[in-house]
file upload.cif (mmCIF, C-alpha atoms and all ligand atoms)
data_coords
loop_
_atom_site.label_atom_id
_atom_site.label_comp_id
_atom_site.auth_asym_id
_atom_site.auth_seq_id
_atom_site.Cartn_x
_atom_site.Cartn_y
_atom_site.Cartn_z
CA MET K 28 -0.39 -20.33 -2.89
CA ASP K 29 -2.63 -23.37 -3.40
CA ALA K 30 -6.25 -22.75 -4.40
CA LYS K 31 -7.44 -24.96 -1.53
CA ILE K 32 -5.68 -23.02 1.22
CA TYR K 33 -7.67 -20.15 2.64
CA ASP K 34 -8.18 -18.41 5.91
CA MET K 35 -11.86 -18.31 6.84
CA ALA K 36 -11.12 -16.66 10.18
CA LYS K 37 -9.55 -13.74 8.35
CA VAL K 38 -12.58 -13.38 6.09
CA GLN K 39 -14.95 -13.40 9.06
CA ASN K 40 -12.85 -11.07 11.19
CA THR K 41 -12.63 -8.52 8.39
CA ALA K 42 -16.38 -8.62 7.85
CA GLN K 43 -17.01 -8.27 11.58
CA ALA K 44 -14.63 -5.33 11.72
CA GLN K 45 -16.70 -3.75 8.96
CA ASN K 46 -19.86 -4.56 10.90
CA LYS K 47 -21.33 -6.45 7.97
CA ALA K 48 -22.94 -9.84 7.74
CA LEU K 49 -21.18 -12.09 5.27
CA VAL K 50 -23.52 -13.72 2.79
CA TYR K 51 -21.78 -16.81 1.50
CA ASP K 52 -22.72 -18.05 -1.90
CA ASP K 53 -23.78 -21.64 -2.29
CA ARG K 54 -20.73 -23.68 -1.19
CA SER K 55 -20.88 -25.76 -4.35
CA LYS K 56 -20.67 -22.61 -6.46
CA VAL K 57 -17.04 -21.96 -7.15
CA TYR K 58 -16.33 -19.58 -10.00
CA ASP K 59 -13.46 -20.53 -12.27
CA VAL K 60 -12.62 -16.83 -12.49
CA VAL K 61 -13.90 -13.74 -10.71
CA VAL K 62 -13.14 -10.67 -12.79
CA VAL K 63 -12.85 -7.51 -10.70
CA GLY K 64 -13.83 -4.53 -12.87
CA GLY K 65 -16.19 -4.61 -15.85
CA GLY K 66 -14.64 -2.08 -18.23
CA ALA K 67 -13.12 -2.87 -21.62
CA ALA K 68 -10.42 -5.11 -20.11
CA GLY K 69 -12.64 -7.05 -17.71
CA LEU K 70 -15.51 -7.62 -20.13
CA SER K 71 -13.18 -8.73 -22.94
CA ALA K 72 -11.66 -11.27 -20.61
CA ALA K 73 -15.11 -12.43 -19.52
CA LEU K 74 -16.17 -12.90 -23.16
CA VAL K 75 -13.22 -15.19 -23.89
CA LEU K 76 -13.64 -17.11 -20.63
CA GLY K 77 -17.41 -17.48 -21.07
CA ARG K 78 -16.88 -18.83 -24.57
CA ALA K 79 -14.31 -21.24 -23.07
CA ARG K 80 -17.20 -22.57 -20.95
CA ARG K 81 -15.76 -21.24 -17.70
CA ARG K 82 -17.94 -20.19 -14.78
CA VAL K 83 -17.27 -16.48 -14.50
CA ALA K 84 -18.54 -13.52 -12.47
CA VAL K 85 -17.67 -9.91 -13.33
CA VAL K 86 -17.98 -7.58 -10.36
CA ASP K 87 -18.17 -3.96 -11.40
CA ALA K 88 -18.53 -0.74 -9.42
CA GLY K 89 -19.83 1.14 -12.50
CA ALA K 90 -17.29 3.97 -12.86
CA PRO K 91 -15.23 3.41 -16.04
CA ARG K 92 -12.45 5.91 -16.63
CA ASN K 93 -13.82 7.44 -19.81
CA ALA K 94 -17.37 7.91 -18.47
CA PRO K 95 -17.14 11.75 -18.58
CA ALA K 96 -16.53 11.69 -22.36
CA ALA K 97 -19.52 11.92 -24.72
CA ARG K 98 -17.94 9.57 -27.26
CA LEU K 99 -15.13 7.06 -27.49
CA GLN K 100 -12.74 7.33 -30.40
CA GLY K 101 -10.09 5.21 -32.04
CA TYR K 102 -11.66 1.80 -31.37
CA LEU K 103 -11.89 0.11 -34.73
CA SER K 104 -15.54 -0.35 -35.74
CA ARG K 105 -16.78 1.51 -32.62
CA ASP K 106 -15.32 4.96 -33.31
CA GLY K 107 -17.72 7.66 -32.06
CA MET K 108 -19.84 5.37 -29.89
CA PRO K 109 -21.00 6.64 -26.45
CA PRO K 110 -18.82 4.87 -23.82
CA ALA K 111 -21.83 3.46 -21.96
CA ASP K 112 -23.09 1.79 -25.15
CA LEU K 113 -19.84 -0.15 -25.61
CA LEU K 114 -20.09 -1.56 -22.09
CA ALA K 115 -23.83 -2.30 -22.39
CA ALA K 116 -23.11 -4.25 -25.60
CA GLY K 117 -20.24 -6.05 -23.84
CA ARG K 118 -22.40 -7.01 -20.87
CA ALA K 119 -25.10 -8.36 -23.20
CA GLU K 120 -22.52 -10.40 -25.12
CA VAL K 121 -20.99 -11.99 -22.02
CA ALA K 122 -24.43 -12.73 -20.56
CA GLY K 123 -25.08 -14.81 -23.69
CA TYR K 124 -22.29 -17.17 -22.55
CA GLY K 125 -23.54 -17.45 -18.98
CA VAL K 126 -21.22 -14.89 -17.39
CA GLU K 127 -22.76 -13.36 -14.27
CA SER K 128 -22.55 -9.57 -13.97
CA VAL K 129 -22.57 -8.32 -10.39
CA GLU K 130 -23.05 -4.62 -9.68
CA ASP K 131 -20.99 -4.23 -6.54
CA GLN K 132 -17.58 -3.24 -5.27
CA VAL K 133 -14.86 -5.66 -4.28
CA VAL K 134 -13.51 -4.58 -0.89
CA GLY K 135 -11.06 -7.41 -0.30
CA ILE K 136 -9.75 -10.69 -1.67
CA ASP K 137 -8.51 -13.40 0.64
CA ALA K 138 -6.27 -16.27 -0.33
CA GLY K 139 -8.05 -19.22 -1.76
CA PHE K 140 -9.80 -17.10 -3.27
CA PHE K 141 -12.62 -15.43 -1.36
CA VAL K 142 -13.78 -12.20 -2.96
CA ARG K 143 -15.53 -9.93 -0.48
CA LEU K 144 -18.06 -7.44 -1.83
CA ALA K 145 -19.30 -4.20 -0.27
CA SER K 146 -22.79 -5.72 0.01
CA GLY K 147 -21.41 -8.46 2.28
CA ARG K 148 -21.62 -11.18 -0.38
CA VAL K 149 -18.56 -13.42 -0.73
CA LEU K 150 -17.68 -15.15 -3.99
CA LYS K 151 -15.34 -18.12 -4.11
CA ALA K 152 -13.02 -18.38 -7.11
CA ARG K 153 -10.20 -20.54 -8.47
CA ARG K 154 -8.54 -17.59 -10.21
CA ILE K 155 -8.73 -13.79 -10.10
CA LEU K 156 -8.43 -11.18 -12.82
CA VAL K 157 -8.09 -7.60 -11.58
CA ALA K 158 -9.17 -5.05 -14.22
CA THR K 159 -10.06 -2.09 -12.04
CA GLY K 160 -8.53 0.74 -14.11
CA VAL K 161 -6.94 3.93 -12.79
CA GLY K 162 -7.97 7.20 -11.26
CA ASP K 163 -6.94 10.52 -12.84
CA ASP K 164 -5.49 13.10 -10.44
CA LEU K 165 -6.52 16.55 -11.64
CA PRO K 166 -4.93 19.84 -10.56
CA GLU K 167 -6.69 22.12 -8.08
CA ILE K 168 -8.01 24.52 -10.71
CA ASP K 169 -11.52 25.93 -10.59
CA GLY K 170 -13.62 24.03 -13.15
CA ALA K 171 -11.13 21.19 -13.79
CA ARG K 172 -13.33 18.37 -12.51
CA GLN K 173 -16.45 19.75 -14.28
CA ARG K 174 -14.74 20.08 -17.66
CA TRP K 175 -12.79 16.79 -17.46
CA GLY K 176 -13.39 14.65 -20.55
CA ARG K 177 -15.28 17.50 -22.25
CA ASP K 178 -12.80 20.27 -23.02
CA LEU K 179 -10.19 19.53 -20.37
CA LEU K 180 -8.56 16.51 -21.98
CA HIS K 181 -5.54 14.28 -21.57
CA CYS K 182 -5.23 12.19 -24.70
CA PRO K 183 -4.93 13.73 -28.18
CA TYR K 184 -5.40 10.28 -29.73
CA CYS K 185 -8.83 10.14 -28.03
CA HIS K 186 -9.91 13.75 -28.62
CA GLY K 187 -7.36 15.54 -30.83
CA TRP K 188 -9.26 15.12 -34.08
CA GLU K 189 -12.40 16.66 -32.58
CA VAL K 190 -10.50 19.85 -31.61
CA ARG K 191 -8.12 20.01 -34.60
CA ASP K 192 -7.10 23.49 -35.80
CA GLN K 193 -8.66 25.09 -32.71
CA PRO K 194 -6.92 27.38 -30.17
CA LEU K 195 -5.58 24.77 -27.74
CA GLY K 196 -3.72 24.89 -24.45
CA VAL K 197 -1.48 22.46 -22.61
CA LEU K 198 -1.10 22.78 -18.86
CA GLY K 199 2.34 22.35 -17.34
CA THR K 200 2.08 19.96 -14.42
CA LEU K 201 4.07 16.72 -14.31
CA THR K 202 7.25 15.65 -16.03
CA GLY K 203 6.40 15.06 -19.67
CA SER K 204 4.14 18.12 -19.97
CA VAL K 205 6.39 19.70 -22.63
CA GLN K 206 6.41 16.47 -24.64
CA HIS K 207 2.64 16.57 -24.36
CA ALA K 208 2.53 20.10 -25.79
CA LEU K 209 4.81 19.08 -28.66
CA LEU K 210 2.47 16.15 -29.32
CA VAL K 211 -0.69 18.26 -29.23
CA ARG K 212 0.95 20.59 -31.74
CA GLN K 213 0.34 17.82 -34.30
CA TRP K 214 -3.37 18.66 -34.18
CA SER K 215 -3.24 22.48 -34.22
CA GLU K 216 -0.86 25.30 -35.13
CA ASP K 217 -2.30 27.44 -32.31
CA VAL K 218 -1.04 25.87 -29.08
CA VAL K 219 -0.26 27.73 -25.84
CA PHE K 220 1.86 26.08 -23.14
CA PHE K 221 0.67 27.29 -19.73
CA ALA K 222 3.74 26.88 -17.56
CA HIS K 223 1.56 26.87 -14.39
CA THR K 224 3.59 24.84 -11.85
CA TYR K 225 6.08 23.50 -14.42
CA ASP K 226 9.71 24.66 -14.32
CA LEU K 227 10.82 24.92 -17.99
CA SER K 228 14.43 24.24 -18.89
CA SER K 229 16.13 26.31 -21.58
CA ALA K 230 16.22 23.26 -23.89
CA GLU K 231 12.46 22.81 -23.48
CA ARG K 232 11.86 26.51 -24.20
CA ALA K 233 13.91 26.14 -27.38
CA GLN K 234 11.82 23.15 -28.50
CA LEU K 235 8.52 24.93 -27.87
CA ASP K 236 9.77 28.08 -29.63
CA ALA K 237 10.98 26.07 -32.61
CA ARG K 238 7.53 24.51 -33.00
CA ARG K 239 5.83 27.92 -32.48
CA VAL K 240 4.12 26.87 -29.23
CA ARG K 241 3.54 30.08 -27.27
CA ILE K 242 4.65 29.97 -23.62
CA VAL K 243 2.45 31.73 -21.04
CA SER K 244 3.97 32.04 -17.56
CA GLY K 245 1.98 32.29 -14.34
CA GLU K 246 -0.30 30.10 -12.30
CA VAL K 247 -3.61 29.02 -13.83
CA VAL K 248 -6.54 29.46 -11.43
CA ARG K 249 -9.71 28.88 -13.44
CA LEU K 250 -11.19 27.47 -16.60
CA VAL K 251 -13.58 30.10 -17.97
CA VAL K 252 -16.78 28.55 -19.29
CA GLU K 253 -19.47 30.24 -21.41
CA ASP K 254 -22.62 28.53 -22.66
CA ASP K 255 -21.30 25.24 -21.29
CA ARG K 256 -18.11 25.45 -23.42
CA LEU K 257 -14.56 26.33 -22.51
CA ALA K 258 -13.90 29.95 -23.49
CA GLY K 259 -10.54 30.63 -21.86
CA VAL K 260 -7.93 30.01 -19.20
CA GLU K 261 -7.65 32.50 -16.33
CA LEU K 262 -4.32 33.20 -14.67
CA ALA K 263 -3.70 34.35 -11.11
CA ASP K 264 -2.94 37.90 -12.31
CA GLY K 265 -6.40 38.13 -13.93
CA ARG K 266 -5.39 37.60 -17.57
CA VAL K 267 -7.70 35.35 -19.58
CA ILE K 268 -6.23 33.56 -22.61
CA ALA K 269 -8.94 32.45 -25.05
CA ARG K 270 -8.82 28.65 -25.65
CA THR K 271 -11.45 26.09 -26.66
CA ALA K 272 -9.71 23.01 -25.22
CA VAL K 273 -6.88 22.36 -22.79
CA PHE K 274 -4.81 19.18 -22.47
CA LEU K 275 -2.85 17.98 -19.47
CA ARG K 276 -1.02 14.93 -18.20
CA PRO K 277 -2.91 13.70 -15.13
CA GLY K 278 -1.26 11.73 -12.38
CA ASN K 279 -2.55 8.15 -12.40
CA VAL K 280 -3.19 5.93 -9.42
CA PRO K 281 -4.26 2.30 -9.93
CA HIS K 282 -7.77 1.66 -8.59
CA ALA K 283 -8.06 -0.81 -5.78
CA ASP K 284 -4.29 -1.41 -5.73
CA GLY K 285 -4.82 -2.65 -2.17
CA LEU K 286 -6.47 -5.74 -3.65
CA LEU K 287 -3.30 -6.62 -5.54
CA THR K 288 -0.83 -5.79 -2.79
CA GLY K 289 -3.06 -7.62 -0.32
CA LEU K 290 -2.62 -10.73 -2.45
CA GLY K 291 1.16 -10.25 -2.42
CA CYS K 292 1.52 -9.06 -6.03
CA ARG K 293 4.82 -7.37 -6.74
CA LEU K 294 4.68 -3.76 -7.97
CA ASP K 295 7.02 -2.07 -10.45
CA GLU K 296 9.00 1.12 -9.77
CA ALA K 297 6.07 3.28 -10.84
CA GLY K 298 3.78 1.58 -8.30
CA PHE K 299 1.85 -0.41 -10.90
CA VAL K 300 1.49 -4.18 -10.66
CA ALA K 301 4.28 -6.11 -12.36
CA VAL K 302 2.95 -8.63 -14.89
CA ASP K 303 4.26 -10.89 -17.66
CA ALA K 304 3.10 -10.60 -21.30
CA THR K 305 -0.19 -12.33 -20.46
CA GLY K 306 -0.95 -10.21 -17.39
CA GLN K 307 0.09 -12.85 -14.84
CA THR K 308 1.21 -11.26 -11.58
CA SER K 309 3.75 -12.63 -9.12
CA ALA K 310 0.94 -14.12 -6.97
CA PHE K 311 -0.30 -17.58 -7.89
CA GLY K 312 -3.63 -17.47 -9.76
CA VAL K 313 -3.85 -13.67 -10.00
CA TRP K 314 -3.88 -11.83 -13.32
CA ALA K 315 -4.27 -8.10 -14.04
CA ALA K 316 -5.14 -6.28 -17.28
CA GLY K 317 -5.97 -2.86 -18.68
CA ASN K 318 -5.23 0.51 -17.13
CA VAL K 319 -4.57 -0.99 -13.69
CA VAL K 320 -1.40 -2.38 -15.29
CA ASP K 321 -0.70 0.36 -17.82
CA PRO K 322 -2.33 3.81 -17.52
CA ARG K 323 -1.43 4.57 -21.16
CA ALA K 324 -3.50 1.69 -22.54
CA GLN K 325 -6.33 2.78 -24.79
CA LEU K 326 -9.71 1.04 -24.81
CA ILE K 327 -8.75 -1.32 -27.59
CA THR K 328 -5.39 -2.11 -25.96
CA SER K 329 -7.09 -2.75 -22.63
CA ALA K 330 -9.61 -5.03 -24.32
CA GLY K 331 -6.71 -6.87 -25.98
CA ALA K 332 -4.91 -7.26 -22.66
CA GLY K 333 -8.09 -8.68 -21.12
CA SER K 334 -8.40 -11.18 -23.95
CA ALA K 335 -4.74 -12.26 -23.64
CA ALA K 336 -5.13 -12.68 -19.87
CA ALA K 337 -8.27 -14.78 -20.33
CA ILE K 338 -6.52 -17.17 -22.70
CA ALA K 339 -3.60 -17.60 -20.27
CA LEU K 340 -6.00 -18.02 -17.33
CA ASN K 341 -7.92 -20.73 -19.15
CA ALA K 342 -4.68 -22.57 -19.96
CA HIS K 343 -3.70 -22.39 -16.27
CA LEU K 344 -7.06 -23.86 -15.28
CA VAL K 345 -6.80 -26.59 -17.93
CA GLN K 346 -3.42 -27.58 -16.49
CA GLU K 347 -4.87 -27.76 -12.98
CA ASP K 348 -7.87 -29.76 -14.21
CA VAL K 349 -5.51 -32.30 -15.80
CA GLU K 350 -3.40 -32.60 -12.65
CA ARG K 351 -6.50 -33.12 -10.52
CA ALA K 352 -7.84 -35.74 -12.92
CA VAL K 353 -4.53 -37.62 -12.92
CA ALA K 354 -4.33 -37.45 -9.12
CA ALA K 355 -7.92 -38.72 -8.82
CA SER K 356 -7.16 -41.67 -11.10
CA GLU K 357 -4.19 -42.85 -9.03
CA PRO K 358 -4.25 -45.55 -6.31
CA ALA K 359 -5.47 -44.14 -2.98
CA ASP K 360 -2.56 -45.50 -0.87
CA GLY K 361 -0.63 -42.24 -1.36
CA VAL K 362 2.57 -43.80 -2.75
CA PHE K 363 4.95 -41.70 -4.82
CA SER K 364 3.90 -41.01 -8.43
CA ALA K 365 5.10 -38.78 -11.27
CA ALA K 366 1.85 -36.78 -11.15
CA MET K 367 2.17 -36.21 -7.40
CA GLU K 368 5.77 -35.12 -7.88
CA ALA K 369 4.74 -32.70 -10.63
CA ARG K 370 1.98 -31.23 -8.44
CA VAL K 371 4.25 -30.76 -5.44
CA SER K 372 6.88 -29.21 -7.72
CA ARG K 373 4.34 -26.76 -9.13
CA MET K 374 3.17 -25.74 -5.64
CA VAL K 375 6.69 -25.24 -4.31
CA LEU K 376 8.57 -23.84 -7.30
CA GLY K 377 5.83 -22.30 -9.47
CA ASP K 378 7.23 -21.15 -12.81
CA ARG K 379 10.83 -21.87 -11.70
CA ARG K 380 10.28 -25.63 -11.89
CA HIS K 381 11.81 -27.69 -14.68
CA GLY K 382 9.58 -29.98 -16.72
CA ILE K 383 9.39 -33.54 -15.42
C1 LIG K 401 -11.89 11.40 -20.21
C2 LIG K 401 -11.32 10.18 -20.87
C3 LIG K 401 -11.67 9.88 -22.18
C4 LIG K 401 -11.12 8.77 -22.81
N1 LIG K 401 -11.45 8.52 -24.10
C5 LIG K 401 -10.92 7.46 -24.74
C6 LIG K 401 -11.22 7.22 -26.12
O1 LIG K 401 -11.94 7.98 -26.76
N2 LIG K 401 -10.64 6.13 -26.69
C7 LIG K 401 -9.81 5.29 -26.02
O2 LIG K 401 -9.34 4.33 -26.59
N3 LIG K 401 -9.52 5.49 -24.71
C8 LIG K 401 -10.07 6.56 -24.06
N4 LIG K 401 -9.76 6.79 -22.74
C9 LIG K 401 -8.96 5.77 -22.02
C10 LIG K 401 -9.92 4.65 -21.54
O3 LIG K 401 -10.79 5.21 -20.59
C11 LIG K 401 -9.14 3.49 -20.95
O4 LIG K 401 -8.25 2.97 -21.92
C12 LIG K 401 -10.07 2.35 -20.50
O5 LIG K 401 -11.11 2.83 -19.70
C13 LIG K 401 -9.31 1.27 -19.75
O6 LIG K 401 -10.17 0.18 -19.53
P1 LIG K 401 -10.11 -0.67 -18.18
O7 LIG K 401 -11.09 -1.78 -18.38
O8 LIG K 401 -8.72 -1.00 -17.85
O9 LIG K 401 -10.60 0.33 -17.03
P2 LIG K 401 -11.99 1.06 -16.84
O10 LIG K 401 -12.67 1.30 -18.13
O11 LIG K 401 -11.72 2.26 -16.00
O12 LIG K 401 -12.87 0.02 -16.04
C14 LIG K 401 -12.55 -0.35 -14.72
C15 LIG K 401 -13.85 -0.74 -14.01
O13 LIG K 401 -13.50 -1.33 -12.76
C16 LIG K 401 -14.40 -0.85 -11.78
N5 LIG K 401 -13.79 -0.99 -10.46
C17 LIG K 401 -12.74 -0.30 -9.91
N6 LIG K 401 -12.48 -0.74 -8.67
C18 LIG K 401 -13.38 -1.74 -8.43
C19 LIG K 401 -13.64 -2.58 -7.30
N7 LIG K 401 -12.91 -2.52 -6.19
N8 LIG K 401 -14.66 -3.47 -7.39
C20 LIG K 401 -15.41 -3.58 -8.53
N9 LIG K 401 -15.20 -2.79 -9.61
C21 LIG K 401 -14.22 -1.89 -9.56
C22 LIG K 401 -14.64 0.60 -12.17
O14 LIG K 401 -15.83 1.10 -11.57
C23 LIG K 401 -14.73 0.47 -13.70
O15 LIG K 401 -16.06 0.23 -14.12
C24 LIG K 401 -10.25 7.90 -22.10
C25 LIG K 401 -9.89 8.22 -20.78
C26 LIG K 401 -10.41 9.35 -20.19
C27 LIG K 401 -9.98 9.69 -18.79
#
call {"tool": "encode", "arguments": {"input": "upload.cif", "output": "structure tokens"}}
result
Amino acid sequence: MDAKIYDMAKVQNTAQAQNKALVYDDRSKVYDVVVVGGGAAGLSAALVLGRARRRVAVVDAGAPRNAPAARLQGYLSRDGMPPADLLAAGRAEVAGYGVESVEDQVVGIDAGFFVRLASGRVLKARRILVATGVGDDLPEIDGARQRWGRDLLHCPYCHGWEVRDQPLGVLGTLTGSVQHALLVRQWSEDVVFFAHTYDLSSAERAQLDARRVRIVSGEVVRLVVEDDRLAGVELADGRVIARTAVFLRPGNVPHADGLLTGLGCRLDEAGFVAVDATGQTSAFGVWAAGNVVDPRAQLITSAGAGSAAAIALNAHLVQEDVERAVAASEPADGVFSAAMEARVSRMVLGDRRHGI
């Protein structure tokens, strides 16, 4: 896909279908990179790109994954910081390098690239970085959504220390729930595995028994809360098992995956976008980083992935800038040249080309 090829009719038709007026930015204003999502991954990328003197916009819908948590943990030098403070500091840092922060939602990206926002604004970009994170699917248990990130938790590396030695529970839901219970056991000797909807094998029972994780059968219906703290877990038969925190493995769905599939990015078997070590997707000019690529990535890992993607993106742009400069310096009669051959080769073969 060449950066110059785009389908304006498609952009306009989509906007008309949504009954919205498109507000085109100044035609001369082409961002080097539009970053979709301003969490740890997106802002880290924007910092590197801004410092590389690229014209960058970060469009963010304002719902980072860890927003329900009071504090973020495990991020070297920021351990214990409120999540909103990390992002506020990040936004201030990127603004210092001229990065534009746009509070909006990206609703579509058309080839070329034209980034359509919910407000009707359209941003034009040479490259795209998608850093939109994931959504956490929670079970239909009374109180689950309200307690999420407080005392209904998923990650012991994020919250285990804060609830160490307490009476903990692990909810059986998806594959991997027993492994999760055996992991949580590292933080407390008092762990209950609530089988809930999980069908335990005899080998799994043996593992839980061996590590003295108590198994409680029956469906969980409610998280019992007293004085705004988790007090217990209620089962369908009315029993309440006293617990102060419960862990579970949520299902994860990439946010705005339609943006990536719409651009033709290949997905892996798990339904997440397939990328190389730098976050480059299978679509020309499109990178992805953070939880949208890997739901297990922590804040610091997501920030690192954003940084790595930014460095690769800048190198890609440098290469294009060189090719354009060489093409512009050649005679205008359009005769064959090595630079023209290299450009055509890059457009047709992408990364499969050999170096001439
Ligand atoms: C409850 C909870 C607590 C956690 N605590 C910790 C912790 O203590 N330490 C730790 O290391 N990790 C923690 N994590 C994991 C952490 O949240 C992730 O590692 C991190 O948020 C991933 O960063 P990201 O930039 O990929 O995505 P996010 O931080 O989720 O940011 C994505 C951003 O993209 C925006 N967005 C999505 N779609 C669009 C769109 N179409 N247009 C524009 N913007 C869009 C979202 O609104 C969001 O602001 C926690 C997770 C949860 C669920």
call {"tool": "closest_residue", "arguments": {"input": "upload.cif", "among": "K:Pro183, K:Gly107, K:Gly176, K:Gly306", "to": "ligand LIG 401 (chain K)", "atoms": "all atoms listed in the file"}}
result
K:Gly176
call {"tool": "residues_near_ligand", "arguments": {"input": "upload.cif", "ligand": "ligand LIG 401 (chain K)", "cutoff": "7 Å", "atoms": "only C-alpha atoms and all ligand atoms", "output": "number ranges by chain"}}
result
K: 63-69, 86-96, 98-102, 131-134, 158-161, 163, 175-176, 180-181, 185-186, 282-283, 316-319, 324-327, 329-330
call {"tool": "residues_near_point", "arguments": {"input": "upload.cif", "point": "(-3.1, -11.5, -9.1)", "cutoff": "7 Å", "atoms": "all atoms listed in the file", "output": "short mmCIF file (atom, residue, chain, number, x, y, z; two decimals) with C-alpha atoms, in the coordinates of the input"}}
result
data_model
loop_
_atom_site.label_atom_id
_atom_site.label_comp_id
_atom_site.auth_asym_id
_atom_site.auth_seq_id
_atom_site.Cartn_x
_atom_site.Cartn_y
_atom_site.Cartn_z
CA ILE K 155 -8.73 -13.79 -10.10
CA LEU K 156 -8.43 -11.18 -12.82
CA VAL K 157 -8.09 -7.60 -11.58
CA LEU K 287 -3.30 -6.62 -5.54
CA LEU K 290 -2.62 -10.73 -2.45
CA CYS K 292 1.52 -9.06 -6.03
CA GLN K 307 0.09 -12.85 -14.84
CA THR K 308 1.21 -11.26 -11.58
CA SER K 309 3.75 -12.63 -9.12
CA ALA K 310 0.94 -14.12 -6.97
CA PHE K 311 -0.30 -17.58 -7.89
CA GLY K 312 -3.63 -17.47 -9.76
CA VAL K 313 -3.85 -13.67 -10.00
CA TRP K 314 -3.88 -11.83 -13.32
CA ALA K 315 -4.27 -8.10 -14.04
#
call {"tool": "atom_distance", "arguments": {"input": "upload.cif", "atom1": "CA of Arg270 in chain K", "atom2": "CA of Ala97 in chain K"}}
result
19.9 Å
call {"tool": "residues_around", "arguments": {"input": "upload.cif", "residues": "Ala342 in chain K", "least_positions_apart": "5", "cutoff": "12 Å", "atoms": "all atoms listed in the file", "output": "JSON, numbers by chain"}}
result
{"K": [59, 75, 76, 79, 81, 154, 305, 307, 312, 335, 336, 337, 347, 348, 349]}
call {"tool": "build_atoms", "arguments": {"input": "upload.cif", "residues": "range 159-172 of chain K", "atoms": "N, CA and C atoms", "output": "PDB file, keeping the file's coordinate frame"}}
result
ATOM      1  N   THR K 159      -9.340  -3.182 -12.725  1.00  0.00           N
ATOM      2  CA  THR K 159     -10.060  -2.090 -12.040  1.00  0.00           C
ATOM      3  C   THR K 159      -9.714  -0.702 -12.560  1.00  0.00           C
ATOM      4  N   GLY K 160      -8.816  -0.576 -13.527  1.00  0.00           N
ATOM      5  CA  GLY K 160      -8.530   0.740 -14.110  1.00  0.00           C
ATOM      6  C   GLY K 160      -7.718   1.652 -13.207  1.00  0.00           C
ATOM      7  N   VAL K 161      -7.692   2.931 -13.584  1.00  0.00           N
ATOM      8  CA  VAL K 161      -6.940   3.930 -12.790  1.00  0.00           C
ATOM      9  C   VAL K 161      -7.809   5.139 -12.502  1.00  0.00           C
ATOM     10  N   GLY K 162      -7.369   5.893 -11.522  1.00  0.00           N
ATOM     11  CA  GLY K 162      -7.970   7.200 -11.260  1.00  0.00           C
ATOM     12  C   GLY K 162      -7.079   8.279 -11.854  1.00  0.00           C
ATOM     13  N   ASP K 163      -7.694   9.386 -12.287  1.00  0.00           N
ATOM     14  CA  ASP K 163      -6.940  10.520 -12.840  1.00  0.00           C
ATOM     15  C   ASP K 163      -6.884  11.633 -11.801  1.00  0.00           C
ATOM     16  N   ASP K 164      -5.681  11.989 -11.395  1.00  0.00           N
ATOM     17  CA  ASP K 164      -5.490  13.100 -10.440  1.00  0.00           C
ATOM     18  C   ASP K 164      -5.482  14.408 -11.210  1.00  0.00           C
ATOM     19  N   LEU K 165      -6.440  15.268 -10.931  1.00  0.00           N
ATOM     20  CA  LEU K 165      -6.520  16.550 -11.640  1.00  0.00           C
ATOM     21  C   LEU K 165      -5.995  17.669 -10.763  1.00  0.00           C
ATOM     22  N   PRO K 166      -5.452  18.737 -11.369  1.00  0.00           N
ATOM     23  CA  PRO K 166      -4.930  19.840 -10.560  1.00  0.00           C
ATOM     24  C   PRO K 166      -6.061  20.628  -9.894  1.00  0.00           C
ATOM     25  N   GLU K 167      -5.703  21.317  -8.828  1.00  0.00           N
ATOM     26  CA  GLU K 167      -6.690  22.120  -8.080  1.00  0.00           C
ATOM     27  C   GLU K 167      -6.954  23.426  -8.822  1.00  0.00           C
ATOM     28  N   ILE K 168      -7.667  23.332  -9.912  1.00  0.00           N
ATOM     29  CA  ILE K 168      -8.010  24.520 -10.710  1.00  0.00           C
ATOM     30  C   ILE K 168      -9.519  24.584 -10.791  1.00  0.00           C
ATOM     31  N   ASP K 169     -10.074  25.759 -10.560  1.00  0.00           N
ATOM     32  CA  ASP K 169     -11.520  25.930 -10.590  1.00  0.00           C
ATOM     33  C   ASP K 169     -12.076  25.458 -11.942  1.00  0.00           C
ATOM     34  N   GLY K 170     -12.985  24.504 -11.919  1.00  0.00           N
ATOM     35  CA  GLY K 170     -13.620  24.030 -13.150  1.00  0.00           C
ATOM     36  C   GLY K 170     -12.986  22.774 -13.737  1.00  0.00           C
ATOM     37  N   ALA K 171     -11.836  22.337 -13.192  1.00  0.00           N
ATOM     38  CA  ALA K 171     -11.130  21.190 -13.790  1.00  0.00           C
ATOM     39  C   ALA K 171     -11.999  19.929 -13.765  1.00  0.00           C
ATOM     40  N   ARG K 172     -12.547  19.603 -12.625  1.00  0.00           N
ATOM     41  CA  ARG K 172     -13.330  18.370 -12.510  1.00  0.00           C
ATOM     42  C   ARG K 172     -14.570  18.426 -13.413  1.00  0.00           C
TER      43      ARG K 172
END
